[in-house]
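Notes follow once the structure below has been shown.
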Amino acid sequence: MLDPAGPSAHAIAQVWWWMLGVSVLVTVGVVVAWMLAMNGRHARAGDVGENHNLRWIVGGGIVLPSVAIAALMVFGTPAGMHQLPLPASWTGAGGPAVAPLRIDVTARQWSWALHYPGSDVRLVNELRLPVGKPVDIHVSSDDVIHSFWVPRLGGKIDAIPGRTNVVRLQADQPGTFRGQCAEFCGLNHAHMAMKVIAMPQDEYDIWEMTREIAPGQSASDD
Ligand SMILES: [Cu+2]
């Protein structure tokens, strides 16, 4: 997650680093305030009035969390836009420059079944995608609730029986990434992983064409 390989994952990692930095500052501030209070407790016990206490309650209990949550929303919302399957006409953050590729993913105890509607290619526990192209993953489940997540490429999304959720991710470099079920789904949940292979567009086209002509190899479903 902290070594992003695409714009969706990059936006999430950025929010994460901001949250870490700000939470460290807040923690240090609280510890310093606490130590000052402990040291000065006896000496100043007499002159601490009601106003003084009220200032700390309003400042630390209302103003600080409000500012922190507002800032998180300002930074977090654009990061969330990257994960949404927004149409090409969308001009704000996260709108795709090229038409996205659609891949259907069905989670089941305990594997991932993949289907490429464009070419009818089917895979199990293996997801291939072209580099530099937004990919809309349509996620559903055959049994219990799972969660689709490829940490280096984008956000996670729940796989819910009877429902299809869509998450957009993208790889900006070729490579092999790990996908992992991120919702406890039974005994083999921890082993419910998926190999995600990002290939240059021309290699991807050749792979897809070969699979279309000769299905039923290695990782195929049927
Ligand atoms: Cu699962």
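For the structure tokens, the naming scheme is as follows: chains receive sequential letters (A, B, ...) according to their order of presentation, residues are indexed from 1 within each chain, and ligands are indexed from 1 in presentation order.
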
* Asked: Could you list, as a PyMOL selection string, all the residues within 12 Å of ligand 1, counting only C-alpha atoms and all ligand atoms?
  -> chain A and resi 106-113+125+140-149+157-161+179-194

For the selection just defined, write its residues with C-alpha atoms to a file, as a short mmCIF file (atom, residue, chain, number, x, y, z; two decimals), in the first residue's frame.
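The resulting file, out_18.cif, is shown below:
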```cif
data_model
loop_
_atom_site.label_atom_id
_atom_site.label_comp_id
_atom_site.auth_asym_id
_atom_site.auth_seq_id
_atom_site.Cartn_x
_atom_site.Cartn_y
_atom_site.Cartn_z
CA THR A 106 -16.61 -13.21 -8.66
CA ALA A 107 -15.36 -14.09 -5.21
CA ARG A 108 -16.11 -17.48 -3.66
CA GLN A 109 -14.82 -19.56 -0.75
CA TRP A 110 -11.89 -19.45 -1.40
CA SER A 111 -10.89 -18.27 -4.84
CA TRP A 112 -11.36 -15.53 -7.40
CA ALA A 113 -13.07 -16.21 -10.73
CA ASN A 125 -6.80 -16.41 -9.05
CA SER A 140 -19.58 -9.75 -6.79
CA SER A 141 -19.70 -12.88 -4.63
CA ASP A 142 -21.15 -16.39 -4.92
CA ASP A 143 -21.37 -17.12 -1.21
CA VAL A 144 -20.29 -14.90 1.69
CA ILE A 145 -18.93 -11.34 1.82
CA HIS A 146 -15.35 -11.04 0.59
CA SER A 147 -13.31 -7.96 -0.24
CA PHE A 148 -11.31 -7.36 -3.40
CA TRP A 149 -8.01 -5.59 -2.78
CA ILE A 157 -14.17 -2.98 -2.35
CA ASP A 158 -16.59 -5.45 -0.77
CA ALA A 159 -17.75 -8.47 -2.76
CA ILE A 160 -21.38 -8.91 -1.70
CA PRO A 161 -23.69 -11.75 -2.87
CA GLY A 179 -4.23 -9.23 -4.53
CA GLN A 180 -5.76 -10.36 -1.27
CA CYS A 181 -9.23 -10.96 0.13
CA ALA A 182 -9.58 -8.23 2.76
CA GLU A 183 -12.75 -9.39 4.55
CA PHE A 184 -12.67 -12.42 6.82
CA CYS A 185 -14.57 -15.11 4.91
CA GLY A 186 -13.85 -18.40 6.67
CA LEU A 187 -11.02 -20.85 7.32
CA ASN A 188 -8.99 -20.18 4.18
CA HIS A 189 -9.48 -16.42 4.12
CA ALA A 190 -5.77 -15.71 4.63
CA HIS A 191 -4.90 -17.88 1.61
CA MET A 192 -7.45 -16.24 -0.68
CA ALA A 193 -4.89 -14.42 -2.79
CA MET A 194 -4.66 -13.47 -6.43
#
```

* Asked: Where in segment 12-217 of chain A does DSSP assign helix (DSSP H, G or I), given as a ChimeraX atom specification?
  -> /A:12-40,50-81,189-191,201-213

Could you dump the residues just selected with C-alpha atoms as a CSV table (one decimal), in the first residue's frame?
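Result file selection30.csv:
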```
chain,number,residue,atom,x,y,z
A,12,ILE,CA,-4.5,6.6,-1.1
A,13,ALA,CA,-0.8,6.4,-0.1
A,14,GLN,CA,-0.7,10.2,0.0
A,15,VAL,CA,-3.7,10.4,2.3
A,16,TRP,CA,-2.1,7.8,4.5
A,17,TRP,CA,1.2,9.7,4.9
A,18,TRP,CA,-0.7,12.9,5.7
A,19,MET,CA,-2.7,11.0,8.3
A,20,LEU,CA,0.5,9.6,9.8
A,21,GLY,CA,2.2,13.0,10.0
A,22,VAL,CA,-0.8,14.8,11.5
A,23,SER,CA,-1.5,12.0,14.0
A,24,VAL,CA,2.2,12.1,15.1
A,25,LEU,CA,2.0,15.8,15.7
A,26,VAL,CA,-1.3,15.5,17.6
A,27,THR,CA,0.2,12.7,19.8
A,28,VAL,CA,3.3,14.7,20.5
A,29,GLY,CA,1.2,17.7,21.4
A,30,VAL,CA,-1.1,15.7,23.7
A,31,VAL,CA,1.9,14.1,25.5
A,32,VAL,CA,3.6,17.5,25.9
A,33,ALA,CA,0.4,19.1,27.3
A,34,TRP,CA,0.0,16.1,29.6
A,35,MET,CA,3.5,16.4,31.0
A,36,LEU,CA,3.1,20.2,31.5
A,37,ALA,CA,-0.1,19.5,33.4
A,38,MET,CA,1.5,16.9,35.6
A,39,ASN,CA,4.4,19.2,36.4
A,40,GLY,CA,2.4,22.3,37.1
A,50,GLU,CA,-13.4,27.4,35.1
A,51,ASN,CA,-12.6,29.5,32.0
A,52,HIS,CA,-9.2,27.8,31.7
A,53,ASN,CA,-10.8,24.3,31.7
A,54,LEU,CA,-13.4,25.4,29.3
A,55,ARG,CA,-10.8,26.6,26.8
A,56,TRP,CA,-9.1,23.2,26.8
A,57,ILE,CA,-12.4,21.4,26.4
A,58,VAL,CA,-13.6,23.6,23.5
A,59,GLY,CA,-10.1,23.7,21.9
A,60,GLY,CA,-9.1,20.1,22.3
A,61,GLY,CA,-12.5,18.5,22.3
A,62,ILE,CA,-14.3,20.4,19.6
A,63,VAL,CA,-12.0,22.7,17.5
A,64,LEU,CA,-9.1,20.3,17.0
A,65,PRO,CA,-11.2,17.2,15.9
A,66,SER,CA,-13.4,19.4,13.7
A,67,VAL,CA,-10.4,20.9,11.9
A,68,ALA,CA,-8.8,17.4,11.6
A,69,ILE,CA,-11.9,15.8,10.2
A,70,ALA,CA,-12.5,18.7,7.7
A,71,ALA,CA,-8.9,18.5,6.5
A,72,LEU,CA,-9.2,14.7,6.1
A,73,MET,CA,-12.3,15.2,4.0
A,74,VAL,CA,-10.6,17.8,1.8
A,75,PHE,CA,-7.6,15.5,1.1
A,76,GLY,CA,-9.6,12.2,1.2
A,77,THR,CA,-12.4,13.0,-1.2
A,78,PRO,CA,-10.2,13.5,-4.3
A,79,ALA,CA,-8.4,10.2,-3.4
A,80,GLY,CA,-11.8,8.5,-3.3
A,81,MET,CA,-12.8,9.9,-6.7
A,189,HIS,CA,-9.5,-16.4,4.1
A,190,ALA,CA,-5.8,-15.7,4.6
A,191,HIS,CA,-4.9,-17.9,1.6
A,201,GLN,CA,-0.5,-2.9,-23.9
A,202,ASP,CA,1.0,-4.8,-26.9
A,203,GLU,CA,1.9,-7.8,-24.8
A,204,TYR,CA,-1.5,-7.7,-23.2
A,205,ASP,CA,-3.2,-7.7,-26.6
A,206,ILE,CA,-1.2,-10.7,-27.7
A,207,TRP,CA,-2.0,-12.6,-24.5
A,208,GLU,CA,-5.7,-11.8,-24.7
A,209,MET,CA,-5.8,-12.9,-28.4
A,210,THR,CA,-4.0,-16.2,-27.6
A,211,ARG,CA,-6.3,-16.9,-24.7
A,212,GLU,CA,-9.3,-16.2,-26.9
A,213,ILE,CA,-8.1,-18.7,-29.5
```

* **Expected answer as a PyMOL selection string: strand (DSSP E) residues in segment 15-220 of chain A** => chain A and resi 101-108+111-116+121-124+126-130+135-141+146-148+157-159+165-169+175-180+193-199

Could you dump the residues just selected with N, CA and C atoms as a compact mmCIF listing (two decimals), in the first residue's frame?
```
# COMPACT_ATOMS: atom_id res chain seq x y z
N LEU A 101 -11.07 -0.53 -19.26
CA LEU A 101 -11.31 -1.93 -19.54
C LEU A 101 -12.20 -2.50 -18.44
N ARG A 102 -13.14 -3.38 -18.81
CA ARG A 102 -14.00 -3.97 -17.79
C ARG A 102 -13.59 -5.41 -17.50
N ILE A 103 -13.46 -5.73 -16.23
CA ILE A 103 -13.19 -7.11 -15.82
C ILE A 103 -14.19 -7.47 -14.72
N ASP A 104 -14.88 -8.61 -14.88
CA ASP A 104 -15.82 -9.08 -13.85
C ASP A 104 -15.11 -10.05 -12.93
N VAL A 105 -15.24 -9.81 -11.64
CA VAL A 105 -14.60 -10.67 -10.65
C VAL A 105 -15.67 -11.25 -9.74
N THR A 106 -15.69 -12.57 -9.60
CA THR A 106 -16.61 -13.21 -8.66
C THR A 106 -15.81 -13.90 -7.58
N ALA A 107 -16.05 -13.49 -6.34
CA ALA A 107 -15.36 -14.09 -5.21
C ALA A 107 -16.15 -15.29 -4.72
N ARG A 108 -15.44 -16.34 -4.29
CA ARG A 108 -16.11 -17.48 -3.66
C ARG A 108 -15.14 -18.11 -2.66
N SER A 111 -11.63 -18.58 -3.61
CA SER A 111 -10.89 -18.27 -4.84
C SER A 111 -11.55 -17.10 -5.56
N TRP A 112 -10.86 -16.64 -6.59
CA TRP A 112 -11.36 -15.53 -7.40
C TRP A 112 -11.59 -16.04 -8.82
N ALA A 113 -12.80 -15.85 -9.34
CA ALA A 113 -13.07 -16.21 -10.73
C ALA A 113 -13.17 -14.91 -11.54
N LEU A 114 -12.39 -14.86 -12.63
CA LEU A 114 -12.36 -13.63 -13.42
C LEU A 114 -12.90 -13.86 -14.82
N HIS A 115 -13.59 -12.86 -15.32
CA HIS A 115 -14.16 -12.94 -16.66
C HIS A 115 -13.96 -11.61 -17.37
N TYR A 116 -13.43 -11.69 -18.60
CA TYR A 116 -13.23 -10.49 -19.42
C TYR A 116 -14.36 -10.45 -20.44
N VAL A 121 -12.53 -14.21 -22.08
CA VAL A 121 -11.45 -14.95 -21.43
C VAL A 121 -11.81 -15.14 -19.96
N ARG A 122 -11.51 -16.36 -19.43
CA ARG A 122 -11.77 -16.64 -18.01
C ARG A 122 -10.49 -17.06 -17.30
N LEU A 123 -10.31 -16.58 -16.10
CA LEU A 123 -9.13 -16.92 -15.30
C LEU A 123 -9.55 -17.22 -13.86
N VAL A 124 -8.67 -17.93 -13.15
CA VAL A 124 -8.90 -18.16 -11.72
C VAL A 124 -7.66 -17.72 -10.94
N GLU A 126 -5.99 -15.21 -10.98
CA GLU A 126 -4.99 -14.50 -11.76
C GLU A 126 -5.69 -13.39 -12.52
N LEU A 127 -5.15 -12.17 -12.42
CA LEU A 127 -5.76 -11.03 -13.09
C LEU A 127 -4.69 -10.39 -13.95
N ARG A 128 -4.98 -10.26 -15.23
CA ARG A 128 -4.01 -9.59 -16.12
C ARG A 128 -4.62 -8.29 -16.62
N LEU A 129 -3.80 -7.26 -16.64
CA LEU A 129 -4.30 -5.97 -17.11
C LEU A 129 -3.20 -5.22 -17.85
N PRO A 130 -3.61 -4.35 -18.79
CA PRO A 130 -2.62 -3.57 -19.52
C PRO A 130 -2.14 -2.38 -18.70
N VAL A 135 -8.87 0.37 -15.27
CA VAL A 135 -9.59 -0.90 -15.33
C VAL A 135 -10.72 -0.87 -14.31
N ASP A 136 -11.95 -1.08 -14.79
CA ASP A 136 -13.09 -1.13 -13.88
C ASP A 136 -13.34 -2.58 -13.49
N ILE A 137 -13.17 -2.85 -12.19
CA ILE A 137 -13.37 -4.21 -11.69
C ILE A 137 -14.80 -4.29 -11.14
N HIS A 138 -15.64 -5.12 -11.77
CA HIS A 138 -17.01 -5.33 -11.31
C HIS A 138 -17.02 -6.54 -10.38
N VAL A 139 -17.23 -6.28 -9.10
CA VAL A 139 -17.00 -7.31 -8.08
C VAL A 139 -18.31 -7.82 -7.50
N SER A 140 -18.44 -9.14 -7.45
CA SER A 140 -19.58 -9.75 -6.79
C SER A 140 -19.12 -11.01 -6.05
N SER A 141 -20.07 -11.69 -5.39
CA SER A 141 -19.70 -12.88 -4.63
C SER A 141 -20.73 -13.98 -4.84
N HIS A 146 -16.81 -11.10 0.71
CA HIS A 146 -15.35 -11.04 0.59
C HIS A 146 -15.00 -9.58 0.31
N SER A 147 -13.70 -9.31 0.15
CA SER A 147 -13.31 -7.96 -0.24
C SER A 147 -12.14 -8.02 -1.20
N PHE A 148 -12.33 -7.37 -2.35
CA PHE A 148 -11.31 -7.36 -3.40
C PHE A 148 -10.30 -6.25 -3.10
N ILE A 157 -12.71 -3.09 -2.27
CA ILE A 157 -14.17 -2.98 -2.35
C ILE A 157 -14.79 -4.32 -1.94
N ASP A 158 -15.93 -4.25 -1.25
CA ASP A 158 -16.59 -5.45 -0.77
C ASP A 158 -17.21 -6.25 -1.92
N ALA A 159 -17.08 -7.57 -1.83
CA ALA A 159 -17.75 -8.47 -2.76
C ALA A 159 -18.96 -9.03 -2.02
N ASN A 165 -20.38 -4.35 -7.07
CA ASN A 165 -19.69 -3.11 -6.74
C ASN A 165 -18.54 -2.92 -7.73
N VAL A 166 -18.28 -1.65 -8.07
CA VAL A 166 -17.25 -1.38 -9.06
C VAL A 166 -16.14 -0.53 -8.45
N VAL A 167 -14.90 -0.93 -8.67
CA VAL A 167 -13.76 -0.13 -8.25
C VAL A 167 -12.84 0.05 -9.45
N ARG A 168 -12.30 1.25 -9.59
CA ARG A 168 -11.39 1.51 -10.72
C ARG A 168 -9.96 1.48 -10.21
N LEU A 169 -9.11 0.72 -10.89
CA LEU A 169 -7.69 0.75 -10.54
C LEU A 169 -6.86 0.83 -11.82
N GLY A 175 4.51 -5.38 -14.00
CA GLY A 175 4.98 -6.09 -12.81
C GLY A 175 3.93 -7.05 -12.31
N THR A 176 4.29 -7.78 -11.26
CA THR A 176 3.37 -8.72 -10.63
C THR A 176 3.04 -8.21 -9.24
N PHE A 177 1.76 -8.07 -8.95
CA PHE A 177 1.32 -7.54 -7.66
C PHE A 177 0.44 -8.58 -6.97
N ARG A 178 0.33 -8.46 -5.66
CA ARG A 178 -0.50 -9.41 -4.92
C ARG A 178 -1.87 -8.81 -4.64
N GLY A 179 -2.89 -9.60 -4.93
CA GLY A 179 -4.23 -9.23 -4.53
C GLY A 179 -4.62 -10.11 -3.37
N GLN A 180 -5.45 -9.59 -2.48
CA GLN A 180 -5.76 -10.36 -1.27
C GLN A 180 -7.19 -10.10 -0.85
N ALA A 193 -5.71 -15.43 -2.12
CA ALA A 193 -4.89 -14.42 -2.79
C ALA A 193 -5.04 -14.53 -4.31
N MET A 194 -4.54 -13.53 -4.97
CA MET A 194 -4.66 -13.47 -6.43
C MET A 194 -3.38 -12.85 -6.99
N LYS A 195 -2.93 -13.41 -8.11
CA LYS A 195 -1.73 -12.88 -8.74
C LYS A 195 -2.18 -11.85 -9.78
N VAL A 196 -1.71 -10.63 -9.67
CA VAL A 196 -2.10 -9.58 -10.60
C VAL A 196 -0.90 -9.22 -11.46
N ILE A 197 -1.06 -9.41 -12.77
CA ILE A 197 0.07 -9.18 -13.68
C ILE A 197 -0.26 -8.01 -14.60
N ALA A 198 0.53 -6.94 -14.49
CA ALA A 198 0.36 -5.78 -15.36
C ALA A 198 1.36 -5.91 -16.52
N MET A 199 0.83 -5.87 -17.74
CA MET A 199 1.66 -6.05 -18.92
C MET A 199 1.56 -4.84 -19.84
```

* **Selection: 9 Å around Gly154 of chain A, only C-alpha atoms, excl. self and same-chain fewer than 6 positions, as a ChimeraX atom specification** => /A:1,4-12,82-83,167-171

Take the residues just selected and output them with C-alpha atoms as a CSV table (one decimal), in the first residue's frame.
```
chain,number,residue,atom,x,y,z
A,1,MET,CA,0.0,0.0,0.0
A,4,PRO,CA,1.9,2.4,-5.0
A,5,ALA,CA,2.2,1.4,-8.7
A,6,GLY,CA,-0.7,3.4,-10.1
A,7,PRO,CA,-2.7,6.7,-9.7
A,8,SER,CA,-5.5,5.2,-7.5
A,9,ALA,CA,-3.1,3.6,-5.1
A,10,HIS,CA,-0.9,6.7,-5.1
A,11,ALA,CA,-3.8,8.9,-4.0
A,12,ILE,CA,-4.5,6.6,-1.1
A,82,HIS,CA,-9.9,8.0,-8.2
A,83,GLN,CA,-11.5,4.7,-7.2
A,167,VAL,CA,-13.8,-0.1,-8.2
A,168,ARG,CA,-11.4,1.5,-10.7
A,169,LEU,CA,-7.7,0.8,-10.5
A,170,GLN,CA,-4.7,1.3,-12.8
A,171,ALA,CA,-1.1,0.1,-13.1
```

* May I ask which of the residues A:Leu2, A:Ala99, A:Val131, A:Leu84 is the closest one to Pro200 of chain A, counting only C-alpha atoms? => A:Val131
